[in-house]
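**Student:** Dropping the structure in here first, questions after.
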Amino acid sequence: MKKFDKERVLLAVAGPVIALAVAFALSAIVLLASGKNPVEPFALMFEQATFSDVQVLIINQASMYYIAALAVAIGFRMNLFNIGVDGQYQLGAIMAAVVGAHMNLPAVLQLPLLLLTAVFTGAFWAGIAGVLKVTRGVSEVVATIMLNAIATSLIVYLWKPDVFGVKIGNNSTTGEMYESGWVPGIDMGEAGEIYGLVVLAALLGIGYWIVLNRTRFGFDLRASGASTTAAAASGVNPKRMVLTAMLLSGGLAGLAGLPILLGDSHTYNLNFPTGIGFLGIGIALLGRNSPVGIAFAALLWAWLDKASPELDFHGYDKEIAVIMQGLIVLSVVVSYEAVREWGLRRQQRRVGAELAAGHVLGADNNTTKEVAGR
C-alpha cells in the first residue's frame with residue numbers, strides 16, 4: 001500500500017476511534033461524579049452482547065438504523081442536511097401499513113407494492129423540501145424540521161377511526177396487514193428471528209456504494225456537494241442534483257421502518273418506534289458516510305439500546321446509554337475536525353518538503369550544467 005493510501009486509511013479510522021474513546025471516558029466521568037462504578041456498566045453491557053437473543057435484537061434494530069443513516073448520508077454527500085428523515089420514515093411506514101391492511105394481492109405483487117409505497121411516500125415528503133430549496137432558496141434544515149411536525153399531525157389524522165384508524169383498547173392502529181405482505185424472518189431457534197428485510201438493508205448499502213463510487217451520477221453528486229460552482233462549470237445542473245438527492249434520501253428514509261413493520265408488528269400503532277431518523281444523523285456522522293462505517297455505527301447504537309435495560313437490575317440507570325450516544329455525537333464533531341486539521345498540516349508539510357527537494361534538485365542540475373559547460 002502506498003504511503004498516501006496508508007495516511008488516508010489512518011485519517012478515516014482515527015476520527016471514529018478517538019470519538020468512541022472520548023465518549024467512553026466522559027461517560028465514565030459522569031458515572032464517577034454520580035458515585036457509581038465507572039467500569040461495571042460497560043462490562044454488563046458487553047456481557048449482554050454475548051447472548052444470542054440480544055444479538056438478534058441488536059441486528060434487527062441495526063437494520064432500521066442502517067437504512068435511516070444511509071438516507072442521511074446521501075444528503076451529506078450532497079452537502080444537504082436532511083433532518084426530515086424521521087418524518088419521511090414514519091409516513092412511509094404508515095402508508096405501507098394502510099395499503100397492506102386494505103389490499104390483498106399475491107405475495108409476489110404485494111411485497112413490491114408495499115416497498116414502492118414506502119419509497120414514493122418518503123421521496124414525496126422529502127421532495128417538498130427539495131422543491132422549496134431549488135425554487136425559493138428555503139433552507140432544507142428549516143423545511144424538513146417543519147415537515148416533521150406536519151408529518152406527525154398527518155399521522156394522527158390517518159389514525160382517526162373514520163379515516164384508516166382501528167381502535168384496539170387504548171391503542172390506535174392501522175389494522176393488521178394481510179399475510180401476503182409479511183416478510184418471513186431468519187429463524188435463529190430460541191434466540192428468535194432476524195427480520196427478513198435485514199437482507200434489503202445490506203443490499204441498499206451495496207447499492208449506495210456502487211452508485212456513489214462507480215457511476216457518473218455518483219461522481220456528479222459528490223462533485224456538487226464539494227463545490228456547486230465547479231460542478232456547474234463542468235456541466236452539472238446543481239438544482240437538479242439537489243432535488244434528486246433529496247428524493248433519493250427521502251425514498252431510502254421511507255424504507256427504514258419496513259423491517260419491523262413487515263417482519264414483526266404488521267401494523268402501525270402507538271408502539272411503533274420513533275426517533276430513528278434523528279439517530280440516523282449521529283450514525284451517519286460516526287460512520288463517515290461510508291456504508292461499512294455506517295454498518296458498524298448502527299450496530300454500536302443498537303447495542304447501546306438493547307444492552308442498556310440490563311443496567312436497571314444492577315442499580316444503574318439505563319439512560320447512561322443515551323448519555324453515551326449524545327457524547328459520541330459531540331465527540332465525533334470535535335474529533336473529526338481535529339483529525340482534519342492534523343491531516344491538512346501533514347499535507348502542507350509534505351508539499352513543502354517536496355517543493356524544497358525540487359528546488360535543491362534544480363539547483364544541483366544547474367551547477368552540473370555550468371561545470372559541463374566549462
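Within each chain, counting starts at residue 1; across the C-alpha cells, chains are named A, B, ... in the order shown, with ligands numbered 1 upward in that order.
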Give me the residues near segment 80-87 of chain A as a PyMOL selection string, where near means some atom within 10 Å (using only C-alpha atoms) and where sequence neighbours in that chain fewer than 4 positions away do not count.

**Tutor:** chain A and resi 68-69+71-76+91-93+122+125-126+129-130+139-152+155+225+242+245-246+249-254+256-257+274-281

**Student:** Which neighbours of Pro291 of chain A fall inside 12 Å, counting only C-alpha atoms, when residues of the same chain fewer than 4 positions from it are skipped, and could you give them as a PyMOL selection string?

**Tutor:** chain A and resi 66-74+201-213+283-287+295-298

**Student:** Which residues are close to segment 39-51 of chain A, i.e. within 8 Å by only C-alpha atoms, leaving aside same-chain residues fewer than 3 positions away? Reply as a ChimeraX atom specification.

**Tutor:** /A:28,54-55,303-304,307-308,310-311,316

**Student:** For the residues in the current selection, export C-alpha atoms as a CSV table (one decimal), in the first residue's frame.

**Tutor:**
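This is the output file out.csv:
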```csv
chain,number,residue,atom,x,y,z
A,28,ALA,CA,-17.0,7.1,33.0
A,54,VAL,CA,-29.7,-10.0,22.5
A,55,GLN,CA,-27.6,-10.4,19.3
A,303,TRP,CA,-26.1,-2.5,21.2
A,304,LEU,CA,-26.4,0.6,23.4
A,307,ALA,CA,-28.0,-4.0,26.2
A,308,SER,CA,-28.7,-1.0,28.5
A,310,GLU,CA,-29.9,-4.8,32.0
A,311,LEU,CA,-28.4,-1.9,34.0
A,316,TYR,CA,-27.6,1.7,37.3
```

**Student:** Nearest to Tyr336 of chain A: which of A:Ala19, A:Ala97, A:Leu105, A:Leu355 is it, counting only C-alpha atoms?

**Tutor:**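 When distances to Tyr336 of chain A are compared using only C-alpha atoms, the smallest one comes from A:Ala19.
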
**Student:** With a distance cut-off of 9 Å and only C-alpha atoms, select the neighbouring residues of Leu115 of chain A, excluding the residue or stretch itself and same-chain residues fewer than 6 positions from it, and output the selection as a ChimeraX atom specification.

**Tutor:** /A:96,254-255,258

**Student:** Go ahead and save the picked residues with N, CA, C and O atoms, as a compact mmCIF listing (two decimals), in the first residue's frame.

**Tutor:**
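Now in part.txt:
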```txt
# COMPACT_ATOMS: atom_id res chain seq x y z
N ALA A 96 -47.47 2.37 4.04
CA ALA A 96 -47.31 0.96 3.68
C ALA A 96 -48.24 0.09 4.53
O ALA A 96 -48.82 -0.89 4.03
N GLY A 254 -38.02 6.32 3.65
CA GLY A 254 -39.33 5.67 3.69
C GLY A 254 -39.24 4.18 3.96
O GLY A 254 -40.19 3.56 4.47
N LEU A 255 -38.10 3.57 3.66
CA LEU A 255 -37.92 2.12 3.86
C LEU A 255 -37.44 1.77 5.27
O LEU A 255 -37.45 0.60 5.65
N LEU A 258 -39.71 -0.45 7.49
CA LEU A 258 -40.29 -1.69 6.97
C LEU A 258 -39.75 -2.97 7.58
O LEU A 258 -40.47 -3.97 7.65
```

**Student:** Taking into account only C-alpha atoms, which residue in the set A:Ala353, A:Ile29, A:Leu114, A:Val56 is nearest to Met177 of chain A?

**Tutor:**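 So, comparing all the options, the nearest one is A:Leu114.
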
**Student:** Which one is closest to Asn79 of chain A: A:Ala233, A:Ala356, A:Val131, A:Met241? Count only C-alpha atoms.

**Tutor:**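 Of the candidates, the smallest distance to Asn79 of chain A is held by A:Met241.
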
**Student:** Once DSSP has gone over the backbone, tell me which residues of segment 132-342 of chain A are in strand (DSSP E), as a VMD selection string.

**Tutor:** chain A and resid 166 to 168 171 to 173 186 to 187 193 to 194

**Student:** Which residues in segment 59-295 of chain A does DSSP call alpha helix (DSSP H)? List them as number ranges by chain.

**Tutor:** A: 59-77, 85-102, 107-136, 140-158, 198-214, 216-226, 228-233, 238-255, 258-260, 276-286, 291-295

**Student:** Quick one: of A:Leu344, A:Leu247, A:Leu158, A:Ile323, who's nearest to Asn269 of chain A, counting only C-alpha atoms?

**Tutor:**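 When distances to Asn269 of chain A are compared using only C-alpha atoms, the smallest one comes from A:Leu158.
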
**Student:** Within 12 Å of Asn104 of chain A, counting only C-alpha atoms, which residues show up once you throw out same-chain ones fewer than 3 positions away? Write them as a list in words, please.

**Tutor:**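 Everything that qualifies: Val98, Val99, Gly100, Ala101, Ala107, Val108, Leu109, Gln110, Leu111, Leu113, Leu114, Glu176, Met177, Tyr178, Glu179, Ser180, Gly181 and Trp182 of chain A.
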
**Student:** Pull N, CA, C and O atoms from the residues just selected and write them as a PDB file, in the first residue's frame.

**Tutor:**
```
ATOM      1  N   VAL A  98     -51.142   1.005   5.823  1.00  0.00           N
ATOM      2  CA  VAL A  98     -52.517   1.226   5.355  1.00  0.00           C
ATOM      3  C   VAL A  98     -52.785   0.424   4.081  1.00  0.00           C
ATOM      4  O   VAL A  98     -53.808  -0.261   3.953  1.00  0.00           O
ATOM      5  N   VAL A  99     -51.854   0.494   3.140  1.00  0.00           N
ATOM      6  CA  VAL A  99     -52.014  -0.250   1.887  1.00  0.00           C
ATOM      7  C   VAL A  99     -52.040  -1.753   2.176  1.00  0.00           C
ATOM      8  O   VAL A  99     -52.858  -2.499   1.622  1.00  0.00           O
ATOM      9  N   GLY A 100     -51.148  -2.207   3.055  1.00  0.00           N
ATOM     10  CA  GLY A 100     -51.075  -3.625   3.372  1.00  0.00           C
ATOM     11  C   GLY A 100     -52.296  -4.153   4.095  1.00  0.00           C
ATOM     12  O   GLY A 100     -52.589  -5.352   4.037  1.00  0.00           O
ATOM     13  N   ALA A 101     -53.034  -3.255   4.783  1.00  0.00           N
ATOM     14  CA  ALA A 101     -54.240  -3.674   5.506  1.00  0.00           C
ATOM     15  C   ALA A 101     -55.496  -3.603   4.643  1.00  0.00           C
ATOM     16  O   ALA A 101     -56.530  -4.166   5.024  1.00  0.00           O
ATOM     17  N   ALA A 107     -48.313 -12.516  -2.835  1.00  0.00           N
ATOM     18  CA  ALA A 107     -47.098 -12.002  -2.207  1.00  0.00           C
ATOM     19  C   ALA A 107     -46.117 -11.439  -3.229  1.00  0.00           C
ATOM     20  O   ALA A 107     -45.434 -10.443  -2.958  1.00  0.00           O
ATOM     21  N   VAL A 108     -46.061 -12.037  -4.426  1.00  0.00           N
ATOM     22  CA  VAL A 108     -45.122 -11.577  -5.442  1.00  0.00           C
ATOM     23  C   VAL A 108     -45.456 -10.172  -5.918  1.00  0.00           C
ATOM     24  O   VAL A 108     -44.596  -9.455  -6.438  1.00  0.00           O
ATOM     25  N   LEU A 109     -46.703  -9.743  -5.732  1.00  0.00           N
ATOM     26  CA  LEU A 109     -47.110  -8.380  -6.073  1.00  0.00           C
ATOM     27  C   LEU A 109     -47.262  -7.508  -4.832  1.00  0.00           C
ATOM     28  O   LEU A 109     -46.979  -6.303  -4.880  1.00  0.00           O
ATOM     29  N   GLN A 110     -47.693  -8.105  -3.738  1.00  0.00           N
ATOM     30  CA  GLN A 110     -47.957  -7.344  -2.514  1.00  0.00           C
ATOM     31  C   GLN A 110     -46.680  -6.730  -1.942  1.00  0.00           C
ATOM     32  O   GLN A 110     -46.661  -5.550  -1.583  1.00  0.00           O
ATOM     33  N   LEU A 111     -45.627  -7.510  -1.873  1.00  0.00           N
ATOM     34  CA  LEU A 111     -44.383  -7.003  -1.282  1.00  0.00           C
ATOM     35  C   LEU A 111     -43.781  -5.852  -2.080  1.00  0.00           C
ATOM     36  O   LEU A 111     -43.434  -4.814  -1.493  1.00  0.00           O
ATOM     37  N   LEU A 113     -45.374  -3.822  -3.956  1.00  0.00           N
ATOM     38  CA  LEU A 113     -46.303  -2.706  -3.785  1.00  0.00           C
ATOM     39  C   LEU A 113     -46.041  -1.968  -2.476  1.00  0.00           C
ATOM     40  O   LEU A 113     -46.000  -0.725  -2.449  1.00  0.00           O
ATOM     41  N   LEU A 114     -45.812  -2.717  -1.391  1.00  0.00           N
ATOM     42  CA  LEU A 114     -45.559  -2.091  -0.097  1.00  0.00           C
ATOM     43  C   LEU A 114     -44.220  -1.350  -0.089  1.00  0.00           C
ATOM     44  O   LEU A 114     -44.103  -0.246   0.460  1.00  0.00           O
ATOM     45  N   GLU A 176     -54.415  -4.847  11.157  1.00  0.00           N
ATOM     46  CA  GLU A 176     -53.384  -5.817  10.797  1.00  0.00           C
ATOM     47  C   GLU A 176     -53.297  -5.999   9.286  1.00  0.00           C
ATOM     48  O   GLU A 176     -54.312  -6.072   8.593  1.00  0.00           O
ATOM     49  N   MET A 177     -52.081  -6.068   8.787  1.00  0.00           N
ATOM     50  CA  MET A 177     -51.846  -6.229   7.359  1.00  0.00           C
ATOM     51  C   MET A 177     -52.131  -7.668   6.934  1.00  0.00           C
ATOM     52  O   MET A 177     -52.020  -8.602   7.732  1.00  0.00           O
ATOM     53  N   TYR A 178     -52.484  -7.851   5.680  1.00  0.00           N
ATOM     54  CA  TYR A 178     -52.690  -9.196   5.142  1.00  0.00           C
ATOM     55  C   TYR A 178     -51.360  -9.953   5.135  1.00  0.00           C
ATOM     56  O   TYR A 178     -50.288  -9.359   4.927  1.00  0.00           O
ATOM     57  N   GLU A 179     -51.436 -11.254   5.339  1.00  0.00           N
ATOM     58  CA  GLU A 179     -50.221 -12.068   5.449  1.00  0.00           C
ATOM     59  C   GLU A 179     -49.393 -12.081   4.171  1.00  0.00           C
ATOM     60  O   GLU A 179     -48.201 -12.388   4.210  1.00  0.00           O
ATOM     61  N   SER A 180     -50.000 -11.765   3.040  1.00  0.00           N
ATOM     62  CA  SER A 180     -49.234 -11.731   1.789  1.00  0.00           C
ATOM     63  C   SER A 180     -48.178 -10.629   1.803  1.00  0.00           C
ATOM     64  O   SER A 180     -47.243 -10.642   0.992  1.00  0.00           O
ATOM     65  N   GLY A 181     -48.328  -9.685   2.740  1.00  0.00           N
ATOM     66  CA  GLY A 181     -47.351  -8.611   2.854  1.00  0.00           C
ATOM     67  C   GLY A 181     -46.341  -8.822   3.963  1.00  0.00           C
ATOM     68  O   GLY A 181     -45.495  -7.963   4.200  1.00  0.00           O
ATOM     69  N   TRP A 182     -46.428  -9.954   4.659  1.00  0.00           N
ATOM     70  CA  TRP A 182     -45.462 -10.245   5.710  1.00  0.00           C
ATOM     71  C   TRP A 182     -44.175 -10.805   5.091  1.00  0.00           C
ATOM     72  O   TRP A 182     -44.204 -11.539   4.105  1.00  0.00           O
TER      73      TRP A 182
END
```
